[in-house]
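Asker: One structure, as structure tokens, below. Some questions next.
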Amino acid sequence: MLALGVPFAVVSLISLLISLLILAILLRVILSYFPGMSYSPLVHYLGSATDWIVVPIRRVVPPMGGMDFSPAIAIVLLYAIRILIVSGDLVGAVLSIVLTVLLILIILLFVRVFFTFFRMDPWNPFVQMVMRASEPFARPFRSWFPQQRRQQPYGYGRSSSSSTASSGVDLAPIAALIVLLVIWFAINYLNGHRTF
């Protein structure tokens with residue numbers, strides 16, 4: 001189904017442009033983690049092509065804890081707009097936003113759990129970025145595991161609790177991951193079986 005009777009060629013062109021914009025934002029984020037690339041022409045062009053959407057979002061949602069979420073929010077919004085333009089389904093677009101955000105959080109928490117299990121270097125910039133970005137979603141689940149409350153941040157280091165010291169695994173991100181997976185599957189199931 002095409003949105004508002006717009007010709008297929010126009011919808012395809014707009015969809016392609018949005019996909020290219022999403023790709024440009026992703027490249028911009030990836031290249032920002034390479035200090036030597038900051039002044040390259042490619043980063044300059046990517047910034048020029050994506051600032052119009054990323055900068056206004058950054059004004060509304062400023063960086064928190066050293067993390068800039070504006071590119072991720074821009075990608076999710078563009079993805080939803082693309083779905084809305086292609087299908088004309090507003091409810092489907094909103095559910096796609098929710099599912100995409102949940103999927104990003106699930107991947108983030110999965111990477112964090114992976115890092116914890118394999119004792120990745122806590123001073124690695126990428127590890128620190130993942131830990132900082134996922135901590136707000138793991139924190140609410142810490143009350144489920146009172147024996148781990150005195151564990152050092154992000155599941156690294158020694159804890160004064162004997163049970164934590166023996167396991168060495170931060171259980172809060174695992175609990176958050178499981179809960180988000182259940183919510184994601186439930187919403188995905190409802191989205192596939194809705195009649196409106």
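In the structure tokens, chains take the letters A, B, ... in the order shown, each chain's residues start at 1, and ligands count up from 1 in the order shown.
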Name the residues of region 35-169 of chain A that fall into alpha helix (DSSP H) according to DSSP on the backbone, using the chain letters and numbers of this document, as a PDB file with C-alpha atoms, in the first residue's frame.
Answerer:
```
ATOM      1  CA  PRO A  41      36.684  15.751   4.204  1.00  0.00           C
ATOM      2  CA  LEU A  42      34.416  12.703   4.509  1.00  0.00           C
ATOM      3  CA  VAL A  43      33.452  13.584   8.108  1.00  0.00           C
ATOM      4  CA  HIS A  44      32.909  17.205   7.015  1.00  0.00           C
ATOM      5  CA  TYR A  45      30.558  16.139   4.188  1.00  0.00           C
ATOM      6  CA  LEU A  46      28.704  13.693   6.436  1.00  0.00           C
ATOM      7  CA  GLY A  47      28.266  16.464   9.016  1.00  0.00           C
ATOM      8  CA  SER A  48      26.968  18.881   6.392  1.00  0.00           C
ATOM      9  CA  ALA A  49      24.499  16.278   5.099  1.00  0.00           C
ATOM     10  CA  THR A  50      23.138  15.275   8.514  1.00  0.00           C
ATOM     11  CA  ASP A  51      23.429  18.344  10.772  1.00  0.00           C
ATOM     12  CA  TRP A  52      20.004  19.618   9.712  1.00  0.00           C
ATOM     13  CA  ILE A  53      18.340  16.715  11.556  1.00  0.00           C
ATOM     14  CA  VAL A  54      20.895  15.815  14.256  1.00  0.00           C
ATOM     15  CA  VAL A  55      21.537  19.328  15.646  1.00  0.00           C
ATOM     16  CA  PRO A  56      17.863  20.220  16.387  1.00  0.00           C
ATOM     17  CA  ILE A  57      17.393  16.867  18.130  1.00  0.00           C
ATOM     18  CA  ARG A  58      20.562  17.527  20.170  1.00  0.00           C
ATOM     19  CA  ARG A  59      19.052  20.824  21.338  1.00  0.00           C
ATOM     20  CA  VAL A  60      15.959  18.990  22.592  1.00  0.00           C
ATOM     21  CA  SER A  70      20.740  12.560  18.949  1.00  0.00           C
ATOM     22  CA  PRO A  71      22.062  10.441  16.024  1.00  0.00           C
ATOM     23  CA  ALA A  72      20.216   7.348  17.305  1.00  0.00           C
ATOM     24  CA  ILE A  73      17.002   9.343  17.758  1.00  0.00           C
ATOM     25  CA  ALA A  74      17.415  10.790  14.251  1.00  0.00           C
ATOM     26  CA  ILE A  75      17.832   7.300  12.772  1.00  0.00           C
ATOM     27  CA  VAL A  76      14.723   5.993  14.559  1.00  0.00           C
ATOM     28  CA  LEU A  77      12.645   8.983  13.427  1.00  0.00           C
ATOM     29  CA  LEU A  78      13.835   8.667   9.823  1.00  0.00           C
ATOM     30  CA  TYR A  79      13.090   4.949   9.873  1.00  0.00           C
ATOM     31  CA  ALA A  80       9.540   5.634  11.121  1.00  0.00           C
ATOM     32  CA  ILE A  81       9.013   8.349   8.486  1.00  0.00           C
ATOM     33  CA  ARG A  82      10.183   5.904   5.828  1.00  0.00           C
ATOM     34  CA  ILE A  83       7.671   3.290   7.019  1.00  0.00           C
ATOM     35  CA  LEU A  84       4.899   5.892   7.133  1.00  0.00           C
ATOM     36  CA  ILE A  85       5.650   7.109   3.594  1.00  0.00           C
ATOM     37  CA  VAL A  86       5.892   3.599   2.144  1.00  0.00           C
ATOM     38  CA  SER A  87       2.887   2.061   3.932  1.00  0.00           C
ATOM     39  CA  LEU A  90       0.608   5.532  11.289  1.00  0.00           C
ATOM     40  CA  VAL A  91       0.117   2.833  13.947  1.00  0.00           C
ATOM     41  CA  GLY A  92       2.652   0.622  12.192  1.00  0.00           C
ATOM     42  CA  ALA A  93       5.136   3.502  12.078  1.00  0.00           C
ATOM     43  CA  VAL A  94       4.736   4.172  15.825  1.00  0.00           C
ATOM     44  CA  LEU A  95       5.084   0.471  16.651  1.00  0.00           C
ATOM     45  CA  SER A  96       8.165   0.338  14.411  1.00  0.00           C
ATOM     46  CA  ILE A  97       9.716   3.178  16.437  1.00  0.00           C
ATOM     47  CA  VAL A  98       9.036   1.290  19.677  1.00  0.00           C
ATOM     48  CA  LEU A  99      10.370  -1.995  18.267  1.00  0.00           C
ATOM     49  CA  THR A 100      13.474  -0.318  16.839  1.00  0.00           C
ATOM     50  CA  VAL A 101      14.277   1.443  20.122  1.00  0.00           C
ATOM     51  CA  LEU A 102      13.777  -1.814  22.020  1.00  0.00           C
ATOM     52  CA  LEU A 103      16.012  -3.661  19.547  1.00  0.00           C
ATOM     53  CA  ILE A 104      18.780  -1.057  19.940  1.00  0.00           C
ATOM     54  CA  LEU A 105      18.567  -1.391  23.735  1.00  0.00           C
ATOM     55  CA  ILE A 106      18.579  -5.197  23.492  1.00  0.00           C
ATOM     56  CA  ILE A 107      21.717  -5.138  21.327  1.00  0.00           C
ATOM     57  CA  LEU A 108      23.367  -2.633  23.669  1.00  0.00           C
ATOM     58  CA  LEU A 109      22.617  -4.757  26.739  1.00  0.00           C
ATOM     59  CA  PHE A 110      23.693  -7.930  24.944  1.00  0.00           C
ATOM     60  CA  VAL A 111      27.055  -6.338  24.091  1.00  0.00           C
ATOM     61  CA  ARG A 112      27.408  -5.221  27.718  1.00  0.00           C
ATOM     62  CA  VAL A 113      26.699  -8.751  28.993  1.00  0.00           C
ATOM     63  CA  PHE A 114      29.207 -10.115  26.462  1.00  0.00           C
ATOM     64  CA  PHE A 115      31.852  -7.658  27.684  1.00  0.00           C
ATOM     65  CA  THR A 116      31.161  -8.599  31.311  1.00  0.00           C
ATOM     66  CA  PHE A 117      31.389 -12.353  30.691  1.00  0.00           C
ATOM     67  CA  PRO A 125      36.837   3.633  25.051  1.00  0.00           C
ATOM     68  CA  PHE A 126      34.301   1.435  23.237  1.00  0.00           C
ATOM     69  CA  VAL A 127      33.704  -0.680  26.359  1.00  0.00           C
ATOM     70  CA  GLN A 128      33.245   2.465  28.447  1.00  0.00           C
ATOM     71  CA  MET A 129      30.808   3.882  25.885  1.00  0.00           C
ATOM     72  CA  VAL A 130      28.703   0.688  25.959  1.00  0.00           C
ATOM     73  CA  MET A 131      28.755   0.574  29.763  1.00  0.00           C
ATOM     74  CA  ARG A 132      27.753   4.241  30.156  1.00  0.00           C
ATOM     75  CA  ALA A 133      25.004   4.018  27.534  1.00  0.00           C
ATOM     76  CA  SER A 134      23.482   0.831  28.972  1.00  0.00           C
ATOM     77  CA  GLU A 135      23.745   1.689  32.685  1.00  0.00           C
ATOM     78  CA  PRO A 136      20.481   3.731  32.853  1.00  0.00           C
ATOM     79  CA  PHE A 137      18.592   0.660  31.594  1.00  0.00           C
ATOM     80  CA  ALA A 138      20.354  -1.808  33.918  1.00  0.00           C
ATOM     81  CA  SER A 162      30.976 -12.752  48.732  1.00  0.00           C
ATOM     82  CA  SER A 163      28.254 -13.909  46.338  1.00  0.00           C
ATOM     83  CA  THR A 164      29.175 -11.229  43.811  1.00  0.00           C
ATOM     84  CA  ALA A 165      32.871 -11.838  44.208  1.00  0.00           C
ATOM     85  CA  SER A 166      32.390 -15.529  43.557  1.00  0.00           C
ATOM     86  CA  SER A 167      30.253 -15.069  40.449  1.00  0.00           C
TER      87      SER A 167
END
```
Asker: Report, in Å with one decimal, the straight-line distance from CA of Ala186 (chain A) to CA of Ser19 (chain A).
Answerer: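 CA of Ser19 (chain A) lies 27.2 Å from CA of Ala186 (chain A).
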Asker: Need to verify the contact set: Phe145 (chain A), 10 Å, only C-alpha atoms, exclusion of same-chain residues closer than 6 positions in sequence. Can you return it as a list in words?
Answerer: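 Close residues of Phe145 (chain A): Thr164, Asp170, Leu171, Ala172 and Ala175 of chain A.
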Asker: Atoms to include: N, CA and C atoms. Write the selected residues as a PDB file, in the first residue's frame.
Answerer:
```
ATOM      1  N   THR A 164      28.781 -11.927  45.029  1.00  0.00           N
ATOM      2  CA  THR A 164      29.175 -11.229  43.811  1.00  0.00           C
ATOM      3  C   THR A 164      30.612 -11.535  43.456  1.00  0.00           C
ATOM      4  N   ASP A 170      27.612  -9.219  36.753  1.00  0.00           N
ATOM      5  CA  ASP A 170      26.590  -8.246  37.105  1.00  0.00           C
ATOM      6  C   ASP A 170      25.267  -8.751  36.523  1.00  0.00           C
ATOM      7  N   LEU A 171      24.317  -9.092  37.397  1.00  0.00           N
ATOM      8  CA  LEU A 171      23.066  -9.694  36.948  1.00  0.00           C
ATOM      9  C   LEU A 171      22.026  -8.685  36.473  1.00  0.00           C
ATOM     10  N   ALA A 172      22.164  -7.429  36.854  1.00  0.00           N
ATOM     11  CA  ALA A 172      21.166  -6.425  36.474  1.00  0.00           C
ATOM     12  C   ALA A 172      21.028  -6.272  34.952  1.00  0.00           C
ATOM     13  N   ALA A 175      19.077  -9.258  33.597  1.00  0.00           N
ATOM     14  CA  ALA A 175      17.639  -9.142  33.878  1.00  0.00           C
ATOM     15  C   ALA A 175      16.990  -8.125  32.941  1.00  0.00           C
TER      16      ALA A 175
END
```
Asker: Can you work out the spacing between CA of Ile25 (chain A) and CA of Gly88 (chain A) in Å, to one decimal?
Answerer: 24.5 Å
Asker: What does the distance from CA of Leu26 (chain A) to CA of Met67 (chain A) come to in Å, to one decimal?
Answerer: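 It comes out at 15.2 Å.
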